[in-house]
Amino acid sequence: MKKIRGEWIFLTAVLGICCAVLIIDRGLFLRSMGFFLGIFVQIIPVFVLVFVLMVLSHTFIDRQVIADYFKKPGIKKWLFVIIAGIVSTGPIYVWYPLLAELRDKGVQYGYLAAFLYNRAIKIPLLPLAIFYFGLKYIVVLTLLMIIFSILQGVMINRLVPAEDPCNYQDPRS
Amino acid sequence: MIRLLPVIIGALLLVSLFNNVIPRSFYVGLFKRNLLFDSVIGSIVGSISAGSPMTSYVLGGEFLKNGVALSAVTAFLVAWVTVGIVQLPVEMMILGRRFAIFRNLTAFMLAVVLGILTMLILHFI
């Protein structure tokens with residue numbers, strides 16, 4: 001039997017709630033659906049743009065290139081970590097093995113933390129973010145997040161020294 | 001992204017229902033107390049939530065329309081993507097317990113600070 005994915009279970013559960021609301025309070029259901037359709041129609045063009053940007057970033061960004069640049073020295077490394085975090089795509093846990101590998105090759109924890117922090121800045125999702133929060137807000141937030149990623153990197157470098165053997169637990173052991 | 005569609009539609013349906021069930025005054029009452037409190041609450045909600053950032057934008061945008069303070073929404077958005085309570089066990093296993101705990105703790109605190117700072121900066125520019 002084919003396994004049903006979590007996202008479909010979630011949608012089915014929500015649709016179940018909607019059906020219950022329809023039975024209990026028809027007026028509430030109709031008001032809610034009107035509200036839903038209003039938002040949905042508004043954000044369809046933004047979703048299309050986000051989809052195109054995501055396809056482009058998946059096509060042109062290579063994981064190995066990112067790994068190689070992590071070894072650059074000094075300020076260049078910070079700059080690279082920021083850019084790599086911003087342009088990296090996919091779920092966060094996909095990147096954990098690569099980061100563990102870099103850690104084992106001597107990359108400090110702070111750089112890994114800064115990379116993960118910058119993953120929060122999603123260029124393909126910017127149109128949606130601007131649609132909801134406005135350009136000024138997104139520019140301020142993005143700049144602050146880049147600065148805070150370095151701050152977190154410096155903090156993590158102090159809190160979690162690379163030479164501490166307790167930091168790494170081999171998952172195979 | 002296609003896989004995200006059922007989550008987005010489900011989240012929008014829930015937001016639409018809540019928008020009509022919960023009065024605007026509830027959100028205003030819950031969050032609009034002070035900058036620090038709003039940011040901490042926003043960061044807690046963002047930290048325990050999981051899923052695509054796209055969903056967080058949709059939810060955050062609707063929170064904002066319902067009168068939730070900008071500092072809370074900012075902390076919520078930032079914590080959603082920088083703090084990962086759900087994936088913490090995996091992060092601990094692969095990258096180390098100390099790193100995972102400190103990274104998530106500092107990300108939580110920075111989300112609170114970012115919520116406050118963003119609101120203050122936007123107030124003055």
# chains A, B, ... in the order shown; residues from 1 in each chain; ligands from 1
$ residues_around --residues "region 24-33 of chain A" --least-positions-apart "4" --cutoff "8 Å" --atoms "only C-alpha atoms" --output "number ranges by chain"
A: 18, 20, 37; B: 13, 16-17, 19-21
$ residues_around --residues "region 113-117 of chain B" --least-positions-apart "4" --cutoff "7 Å" --atoms "only C-alpha atoms" --output "PyMOL selection string"
chain B and resi 35-36+39+71-72+74-75+109+121
$ closest_atom_pairs --of "chain A" --to "chain B" --cutoff "7 Å" --atoms "only C-alpha atoms" --output "JSON lines"
{"residue": "A:Glu7", "atom": "CA", "partner": "B:Val7", "partner_atom": "CA", "distance": 5.6}
{"residue": "A:Trp8", "atom": "CA", "partner": "B:Pro6", "partner_atom": "CA", "distance": 6.1}
{"residue": "A:Phe10", "atom": "CA", "partner": "B:Val7", "partner_atom": "CA", "distance": 6.9}
{"residue": "A:Leu11", "atom": "CA", "partner": "B:Gly10", "partner_atom": "CA", "distance": 4.9}
{"residue": "A:Val14", "atom": "CA", "partner": "B:Gly10", "partner_atom": "CA", "distance": 5.9}
{"residue": "A:Leu28", "atom": "CA", "partner": "B:Asn20", "partner_atom": "CA", "distance": 6.9}
{"residue": "A:Ser32", "atom": "CA", "partner": "B:Ser16", "partner_atom": "CA", "distance": 5.0}
{"residue": "A:Phe35", "atom": "CA", "partner": "B:Ser16", "partner_atom": "CA", "distance": 5.8}
{"residue": "A:Phe36", "atom": "CA", "partner": "B:Ser16", "partner_atom": "CA", "distance": 5.4}
{"residue": "A:Phe51", "atom": "CA", "partner": "B:Met1", "partner_atom": "CA", "distance": 6.8}
{"residue": "A:Tyr96", "atom": "CA", "partner": "B:Ile94", "partner_atom": "CA", "distance": 6.5}
{"residue": "A:Pro97", "atom": "CA", "partner": "B:Ile94", "partner_atom": "CA", "distance": 6.8}
{"residue": "A:Ala100", "atom": "CA", "partner": "B:Leu95", "partner_atom": "CA", "distance": 5.6}
{"residue": "A:Ala113", "atom": "CA", "partner": "B:Arg103", "partner_atom": "CA", "distance": 6.5}
{"residue": "A:Tyr117", "atom": "CA", "partner": "B:Thr82", "partner_atom": "CA", "distance": 5.7}
{"residue": "A:Ala120", "atom": "CA", "partner": "B:Val81", "partner_atom": "CA", "distance": 5.2}
{"residue": "A:Leu125", "atom": "CA", "partner": "B:Met54", "partner_atom": "CA", "distance": 6.8}
{"residue": "A:Ala129", "atom": "CA", "partner": "B:Tyr57", "partner_atom": "CA", "distance": 6.1}
{"residue": "A:Tyr132", "atom": "CA", "partner": "B:Gly61", "partner_atom": "CA", "distance": 5.2}
{"residue": "A:Phe133", "atom": "CA", "partner": "B:Gly61", "partner_atom": "CA", "distance": 6.7}
{"residue": "A:Val140", "atom": "CA", "partner": "B:Thr118", "partner_atom": "CA", "distance": 6.8}
{"residue": "A:Leu141", "atom": "CA", "partner": "B:Thr118", "partner_atom": "CA", "distance": 6.3}
{"residue": "A:Gln152", "atom": "CA", "partner": "B:Thr106", "partner_atom": "CA", "distance": 6.8}
{"residue": "A:Ile156", "atom": "CA", "partner": "B:Arg103", "partner_atom": "CA", "distance": 6.8}
{"residue": "A:Val160", "atom": "CA", "partner": "B:Phe99", "partner_atom": "CA", "distance": 6.1}
{"residue": "A:Asn167", "atom": "CA", "partner": "B:Gly96", "partner_atom": "CA", "distance": 4.8}
{"residue": "A:Tyr168", "atom": "CA", "partner": "B:Gly96", "partner_atom": "CA", "distance": 4.6}
{"residue": "A:Gln169", "atom": "CA", "partner": "B:Gly96", "partner_atom": "CA", "distance": 5.8}
{"residue": "A:Pro171", "atom": "CA", "partner": "B:Met93", "partner_atom": "CA", "distance": 5.9}
$ write_last_selection --atoms "N, CA, C and O atoms" --output "tab-separated table (two decimals), in the first residue's frame"
chain	number	residue	atom	x	y	z
A	7	GLU	N	2.13	15.87	4.58
A	7	GLU	CA	1.46	17.11	4.14
A	7	GLU	C	0.02	16.86	3.69
A	7	GLU	O	-0.85	17.69	3.91
A	8	TRP	N	-0.21	15.66	3.11
A	8	TRP	CA	-1.58	15.34	2.69
A	8	TRP	C	-2.44	14.99	3.89
A	8	TRP	O	-3.65	15.27	3.90
A	10	PHE	N	-2.04	16.34	6.79
A	10	PHE	CA	-2.33	17.65	7.37
A	10	PHE	C	-3.51	18.31	6.65
A	10	PHE	O	-4.46	18.78	7.28
A	11	LEU	N	-3.44	18.31	5.30
A	11	LEU	CA	-4.51	18.96	4.52
A	11	LEU	C	-5.85	18.24	4.76
A	11	LEU	O	-6.89	18.90	4.92
A	14	VAL	N	-7.24	19.29	8.07
A	14	VAL	CA	-7.80	20.65	8.02
A	14	VAL	C	-9.15	20.64	7.27
A	14	VAL	O	-10.11	21.29	7.71
A	28	LEU	N	-20.23	30.73	9.47
A	28	LEU	CA	-18.79	30.83	9.75
A	28	LEU	C	-17.98	30.20	8.62
A	28	LEU	O	-16.98	30.74	8.16
A	32	SER	N	-15.37	32.11	6.21
A	32	SER	CA	-13.98	31.64	6.18
A	32	SER	C	-13.53	31.30	4.76
A	32	SER	O	-12.41	31.63	4.37
A	35	PHE	N	-12.86	34.40	2.81
A	35	PHE	CA	-11.57	34.97	3.23
A	35	PHE	C	-10.42	34.18	2.59
A	35	PHE	O	-9.47	34.76	2.05
A	36	PHE	N	-10.54	32.84	2.62
A	36	PHE	CA	-9.52	31.95	2.06
A	36	PHE	C	-9.32	32.22	0.56
A	36	PHE	O	-8.19	32.37	0.09
A	51	PHE	N	8.19	29.77	-7.59
A	51	PHE	CA	8.46	28.47	-8.22
A	51	PHE	C	9.56	28.60	-9.27
A	51	PHE	O	10.51	27.81	-9.29
A	96	TYR	N	23.35	18.85	6.76
A	96	TYR	CA	24.08	18.41	7.96
A	96	TYR	C	25.29	17.52	7.64
A	96	TYR	O	26.38	17.75	8.18
A	97	PRO	N	25.13	16.47	6.79
A	97	PRO	CA	26.29	15.61	6.52
A	97	PRO	C	27.47	16.38	5.91
A	97	PRO	O	28.62	16.15	6.27
A	100	ALA	N	29.10	18.35	8.63
A	100	ALA	CA	29.86	17.46	9.52
A	100	ALA	C	31.21	17.12	8.88
A	100	ALA	O	32.24	17.07	9.55
A	113	ALA	N	27.59	27.53	11.84
A	113	ALA	CA	26.41	28.19	12.40
A	113	ALA	C	25.99	29.37	11.53
A	113	ALA	O	24.79	29.57	11.27
A	117	TYR	N	22.51	29.97	9.65
A	117	TYR	CA	21.71	31.17	9.93
A	117	TYR	C	21.31	31.88	8.63
A	117	TYR	O	20.18	32.31	8.48
A	120	ALA	N	18.30	31.15	6.37
A	120	ALA	CA	17.00	31.75	6.68
A	120	ALA	C	16.62	32.81	5.63
A	120	ALA	O	15.45	33.14	5.48
A	125	LEU	N	12.04	33.32	-2.14
A	125	LEU	CA	10.80	33.67	-1.41
A	125	LEU	C	10.64	35.17	-1.18
A	125	LEU	O	9.65	35.62	-0.60
A	129	ALA	N	7.69	37.51	0.57
A	129	ALA	CA	7.98	38.28	1.78
A	129	ALA	C	7.67	39.76	1.57
A	129	ALA	O	7.07	40.41	2.44
A	132	TYR	N	3.93	40.49	1.59
A	132	TYR	CA	3.30	40.53	2.92
A	132	TYR	C	3.83	41.66	3.80
A	132	TYR	O	3.08	42.25	4.58
A	133	PHE	N	5.14	41.95	3.71
A	133	PHE	CA	5.74	42.85	4.72
A	133	PHE	C	6.31	44.15	4.15
A	133	PHE	O	6.70	45.02	4.92
A	140	VAL	N	15.63	45.84	5.65
A	140	VAL	CA	16.17	46.00	7.01
A	140	VAL	C	16.40	44.63	7.66
A	140	VAL	O	17.47	44.35	8.21
A	141	LEU	N	15.39	43.77	7.57
A	141	LEU	CA	15.49	42.45	8.21
A	141	LEU	C	16.63	41.62	7.61
A	141	LEU	O	17.41	41.00	8.34
A	152	GLN	N	26.43	35.44	15.51
A	152	GLN	CA	26.22	34.08	16.02
A	152	GLN	C	27.44	33.21	15.75
A	152	GLN	O	27.85	32.42	16.61
A	156	ILE	N	29.42	31.26	18.58
A	156	ILE	CA	29.57	29.79	18.55
A	156	ILE	C	31.05	29.40	18.55
A	156	ILE	O	31.44	28.42	19.21
A	160	VAL	N	31.76	26.90	21.40
A	160	VAL	CA	32.01	25.52	20.96
A	160	VAL	C	33.34	25.47	20.22
A	160	VAL	O	33.39	25.54	18.99
A	167	ASN	N	32.47	17.46	21.25
A	167	ASN	CA	31.48	18.04	20.34
A	167	ASN	C	30.99	17.06	19.29
A	167	ASN	O	29.92	17.23	18.74
A	168	TYR	N	31.77	16.08	19.01
A	168	TYR	CA	31.40	15.20	17.92
A	168	TYR	C	31.09	13.79	18.41
A	168	TYR	O	31.88	13.17	19.09
A	169	GLN	N	29.88	13.34	18.09
A	169	GLN	CA	29.52	11.97	18.39
A	169	GLN	C	29.27	11.30	17.05
A	169	GLN	O	28.34	11.69	16.33
A	171	PRO	N	27.71	9.25	14.53
A	171	PRO	CA	26.42	8.57	14.51
A	171	PRO	C	26.52	7.08	14.22
A	171	PRO	O	25.60	6.32	14.50
$ atom_distance --atom1 "CA of Leu116 (chain A)" --atom2 "CA of Leu99 (chain A)"
9.5 Å
